[in-house]
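> upload_39.cif is reproduced in full below (mmCIF, C-alpha atoms).
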```cif
data_start
#
loop_
_atom_site.label_atom_id
_atom_site.label_comp_id
_atom_site.auth_asym_id
_atom_site.auth_seq_id
_atom_site.Cartn_x
_atom_site.Cartn_y
_atom_site.Cartn_z
CA MET Z 533 0.00 0.00 0.00
CA LYS Z 534 1.36 3.38 -0.94
CA TYR Z 535 0.93 6.35 1.40
CA GLY Z 536 0.78 9.97 0.33
CA ARG Z 537 3.34 12.55 1.28
CA GLN Z 538 4.06 12.75 5.00
CA ASP Z 539 6.31 15.79 5.18
CA GLY Z 540 6.13 17.40 8.61
CA THR Z 541 4.48 14.54 10.47
CA THR Z 542 7.56 14.06 12.64
CA LEU Z 543 7.38 17.70 13.72
CA VAL Z 544 3.71 17.38 14.65
CA GLU Z 545 4.33 14.15 16.56
CA PHE Z 546 7.25 15.75 18.40
CA ALA Z 547 5.08 18.73 19.35
CA PHE Z 548 2.51 16.46 21.01
CA ILE Z 549 5.03 14.16 22.70
CA GLY Z 550 7.36 17.05 23.61
CA LEU Z 551 4.56 18.98 25.30
CA LEU Z 552 3.69 15.97 27.43
CA PHE Z 553 7.35 15.22 28.19
CA PHE Z 554 8.24 18.78 29.24
CA THR Z 555 5.06 19.15 31.31
CA ILE Z 556 5.99 16.02 33.27
CA LEU Z 557 9.63 17.11 33.56
CA PHE Z 558 8.81 20.59 34.89
CA GLY Z 559 6.15 19.12 37.18
CA LEU Z 560 8.78 16.80 38.70
CA ILE Z 561 11.18 19.72 39.18
CA GLN Z 562 8.38 21.73 40.84
CA TYR Z 563 7.51 18.84 43.16
CA ALA Z 564 11.18 18.35 44.08
CA GLU Z 565 11.51 22.04 45.06
CA LEU Z 566 8.29 21.89 47.09
CA THR Z 567 9.46 18.74 48.89
CA LYS Z 568 12.89 20.22 49.62
CA ASP Z 569 11.41 23.43 51.06
CA ARG Z 570 8.91 21.47 53.17
CA SER Z 571 11.69 19.24 54.49
CA MET Z 572 13.93 22.20 55.39
CA LEU Z 573 11.06 24.02 57.10
CA THR Z 574 10.13 20.93 59.11
CA GLU Z 575 13.72 20.30 60.21
CA ALA Z 576 14.11 23.93 61.26
CA ALA Z 577 10.86 23.71 63.27
CA VAL Z 578 12.02 20.47 64.97
CA ARG Z 579 15.37 21.94 65.99
CA GLY Z 580 13.76 25.26 66.95
CA ALA Z 581 11.23 23.53 69.23
CA ARG Z 582 13.97 21.44 70.83
CA LEU Z 583 16.12 24.51 71.50
CA PHE Z 584 13.19 26.66 72.66
CA SER Z 585 12.05 24.01 75.14
CA ALA Z 586 15.57 23.68 76.54
CA LYS Z 587 15.98 27.44 77.14
CA ARG Z 588 14.14 27.59 80.48
CA GLY Z 589 15.94 29.92 82.83
CA PHE Z 590 17.95 31.62 80.05
CA ALA Z 591 17.71 35.32 79.24
CA THR Z 592 17.16 35.08 75.47
CA PRO Z 593 15.12 31.99 74.53
CA CYS Z 594 13.34 33.69 71.64
CA ALA Z 595 16.43 35.27 70.05
CA ALA Z 596 18.38 32.00 70.32
CA THR Z 597 15.53 30.14 68.59
CA GLN Z 598 15.25 32.82 65.89
CA THR Z 599 18.98 32.73 65.20
CA LEU Z 600 19.04 28.94 64.92
CA ILE Z 601 16.09 28.86 62.51
CA ARG Z 602 17.36 31.80 60.43
CA ASN Z 603 20.81 30.19 60.10
CA MET Z 604 19.29 26.85 59.10
CA LEU Z 605 17.01 28.33 56.43
CA THR Z 606 19.36 30.92 54.92
CA GLY Z 607 20.21 29.86 51.39
CA THR Z 608 18.06 26.72 51.48
CA LEU Z 609 14.53 27.86 50.63
CA THR Z 610 13.75 28.19 46.94
CA ASN Z 611 12.40 31.74 46.75
CA ALA Z 612 13.65 33.26 49.99
CA THR Z 613 16.14 35.98 49.18
CA ALA Z 614 15.98 37.21 52.76
CA VAL Z 615 14.81 34.52 55.18
CA GLY Z 616 14.04 37.12 57.85
CA ASN Z 617 11.35 38.68 55.66
CA SER Z 618 9.90 35.52 54.12
CA VAL Z 619 9.46 33.23 57.14
CA ASN Z 620 6.92 33.86 59.89
CA MET Z 621 7.49 32.29 63.29
CA THR Z 622 5.16 31.74 66.25
CA LEU Z 623 6.45 30.61 69.64
CA ASP Z 624 3.86 29.15 72.02
CA ILE Z 625 3.89 27.54 75.43
CA ALA Z 626 1.20 24.88 75.80
CA CYS Z 627 0.33 24.03 79.40
CA PRO Z 628 -2.10 21.20 80.16
CA THR Z 629 -5.26 22.68 81.64
CA ASN Z 630 -5.31 21.78 85.26
CA PRO Z 631 -6.89 24.11 87.82
CA ILE Z 632 -3.81 23.88 90.02
CA ASP Z 633 -1.16 24.36 87.31
CA CYS Z 634 -2.69 26.62 84.66
CA ALA Z 635 -5.84 28.68 84.65
CA CYS Z 636 -7.15 29.07 81.12
CA ALA Z 637 -10.27 30.87 79.91
CA SER Z 638 -10.48 29.09 76.55
CA PRO Z 639 -8.49 25.83 76.30
CA THR Z 640 -7.26 24.52 72.95
CA LYS Z 641 -7.54 20.84 72.03
CA ILE Z 642 -4.20 19.32 71.04
CA ALA Z 643 -4.18 15.58 70.38
CA GLY Z 644 -7.44 15.20 72.28
CA GLN Z 645 -6.22 16.95 75.45
CA ASP Z 646 -7.05 20.47 76.63
CA PHE Z 647 -4.13 22.90 76.74
CA CYS Z 648 -3.81 26.53 77.67
CA VAL Z 649 -1.77 27.96 74.78
CA THR Z 650 0.09 31.21 75.36
CA THR Z 651 1.91 32.93 72.49
CA CYS Z 652 5.07 34.79 73.43
CA PHE Z 653 6.15 35.71 69.87
CA SER Z 654 4.42 35.92 66.52
CA GLY Z 655 5.74 37.67 63.41
CA LYS Z 656 8.51 37.78 60.85
CA ILE Z 657 11.57 35.89 61.96
CA SER Z 658 13.59 39.13 61.69
CA ASN Z 659 11.38 41.00 64.21
CA ALA Z 660 12.62 41.65 67.73
CA CYS Z 661 11.41 39.36 70.51
CA ASN Z 662 9.95 40.27 73.86
CA GLU Z 663 12.45 38.17 75.80
CA ASN Z 664 10.87 38.96 79.18
CA LEU Z 665 7.55 37.57 78.00
CA CYS Z 666 9.08 34.37 76.54
CA SER Z 667 11.28 33.85 79.60
CA SER Z 668 8.39 34.27 82.01
CA TYR Z 669 6.22 31.80 80.06
CA LEU Z 670 9.03 29.24 79.89
CA GLY Z 671 9.73 29.58 83.60
CA THR Z 672 12.98 29.09 85.45
CA GLU Z 673 14.97 26.03 86.38
CA ALA Z 674 13.80 25.88 90.01
CA PRO Z 675 10.02 25.49 89.82
CA GLU Z 676 9.31 22.64 87.44
CA PRO Z 677 6.64 23.38 84.84
CA PRO Z 678 3.45 21.32 84.98
CA THR Z 679 3.87 17.82 83.53
CA GLY Z 680 3.20 17.84 79.80
CA THR Z 681 3.97 21.54 79.25
CA ALA Z 682 5.37 21.97 75.75
CA ALA Z 683 7.17 24.63 73.74
CA ARG Z 684 5.72 24.88 70.25
CA VAL Z 685 7.32 26.44 67.16
CA THR Z 686 5.27 27.19 64.04
CA LEU Z 687 7.02 28.30 60.86
CA THR Z 688 5.18 29.59 57.78
CA TYR Z 689 6.88 30.25 54.44
CA GLY Z 690 5.23 31.81 51.39
CA PHE Z 691 5.97 29.32 48.61
CA THR Z 692 6.06 30.64 45.05
CA PRO Z 693 6.06 27.94 42.35
CA LEU Z 694 8.95 28.05 39.91
CA PHE Z 695 6.61 27.31 37.02
CA LYS Z 696 3.26 28.97 37.62
CA SER Z 697 1.35 27.07 34.95
CA ILE Z 698 2.56 23.59 35.89
CA GLY Z 699 2.10 21.43 38.95
CA ALA Z 700 1.27 22.70 42.41
CA THR Z 701 0.04 26.18 41.54
CA ASN Z 702 -2.57 26.14 44.28
CA ILE Z 703 0.07 25.84 47.04
CA THR Z 704 0.94 29.32 48.25
CA SER Z 705 2.47 28.64 51.65
CA LEU Z 706 4.12 25.89 53.66
CA THR Z 707 3.57 25.57 57.40
CA SER Z 708 5.31 23.34 59.89
CA THR Z 709 4.46 23.11 63.59
CA MET Z 710 6.58 21.15 66.05
CA SER Z 711 6.52 20.93 69.83
CA ASP Z 712 8.81 19.56 72.50
CA THR Z 713 8.12 18.98 76.18
CA LEU Z 714 9.84 21.44 78.51
CA LYS Z 715 12.86 19.98 80.21
#
```
Spit out the file's structure as structure tokens when you get a sec.

Amino acid sequence: MKYGRQDGTTLVEFAFIGLLFFTILFGLIQYAELTKDRSMLTEAAVRGARLFSAKRGFATPCAATQTLIRNMLTGTLTNATAVGNSVNMTLDIACPTNPIDCACASPTKIAGQDFCVTTCFSGKISNACNENLCSSYLGTEAPEPPTGTAARVTLTYGFTPLFKSIGATNITSLTSTMSDTLK
């Protein structure tokens, strides 16, 4: 059987296959960047919560936590030219609601248990902390905090996709919250 002229069919086939190939390729790159940023944010929150919970009795628990997180994230997040202006941080102390230990007007449920959550810092990671507030909420070494009291670090990063028309365009921010029991 003899076919007619097929000039240009390879170009048309390449256009269809190439479009699919490059869409998948750029989608994979986008997903890799999203996963890397999420992983870095989570690790910074884990280490920040561990450090913040261990700073009872110290003068600068908030600044030490900010410095650690800022140093960890500098140069690692995809679109963060200045980590201090692109990452929001919230530092909380969560005390189990017990009439003897903590009086709380409106408890928050965390993992099925009521906690009195007190925020001692919320804002851009470059903002100054109220160290007196954080120190007083964390307590000192002598009186032990109520059993189950935790320091919680929440980090939020505005994620901008590398390729706006491909992949995870509906994801605009990444948030990671970690807590550690006061020691």
> In Å, rounded to a single decimal, give me how far atom CA of Z:Ser667 is from atom CA of Z:Cys652.
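Between atom CA of Z:Cys652 and atom CA of Z:Ser667 the gap works out to 8.8 Å.
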> Please, what distance in Å, to one decimal, runs between atom CA of Z:Cys648 and atom CA of Z:Arg588?
18.2 Å
> Taking the file as shown, what set of residues would the PyMOL selection byres ((chain Z and resi 663) around 10) give back, as a PyMOL selection string?
chain Z and resi 590-595+652-653+660-662+664-669
> What's around Z:Thr713 at 8 Å? Count all atoms listed in the file, leave out sequence neighbours fewer than 3 positions away in its own chain, and write the answer as a CSV table (one decimal) with C-alpha atoms, in the frame of the given file.

```csv
chain,number,residue,atom,x,y,z
Z,585,SER,CA,12.0,24.0,75.1
Z,680,GLY,CA,3.2,17.8,79.8
Z,681,THR,CA,4.0,21.5,79.2
Z,682,ALA,CA,5.4,22.0,75.8
Z,683,ALA,CA,7.2,24.6,73.7
```
> Which residue out of Z:Phe584, Z:Phe647, Z:Phe553, Z:Phe548 has the minimum interatomic distance to Z:Asp712 when all atoms listed in the file are used?
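For Z:Asp712, the nearest of the given residues is Z:Phe584.
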> Starting from the shown file, work through the PyMOL selection byres ((chain Z and resi 655) around 6) and note down what comes out as number ranges by chain.
Z: 620-621, 654, 656
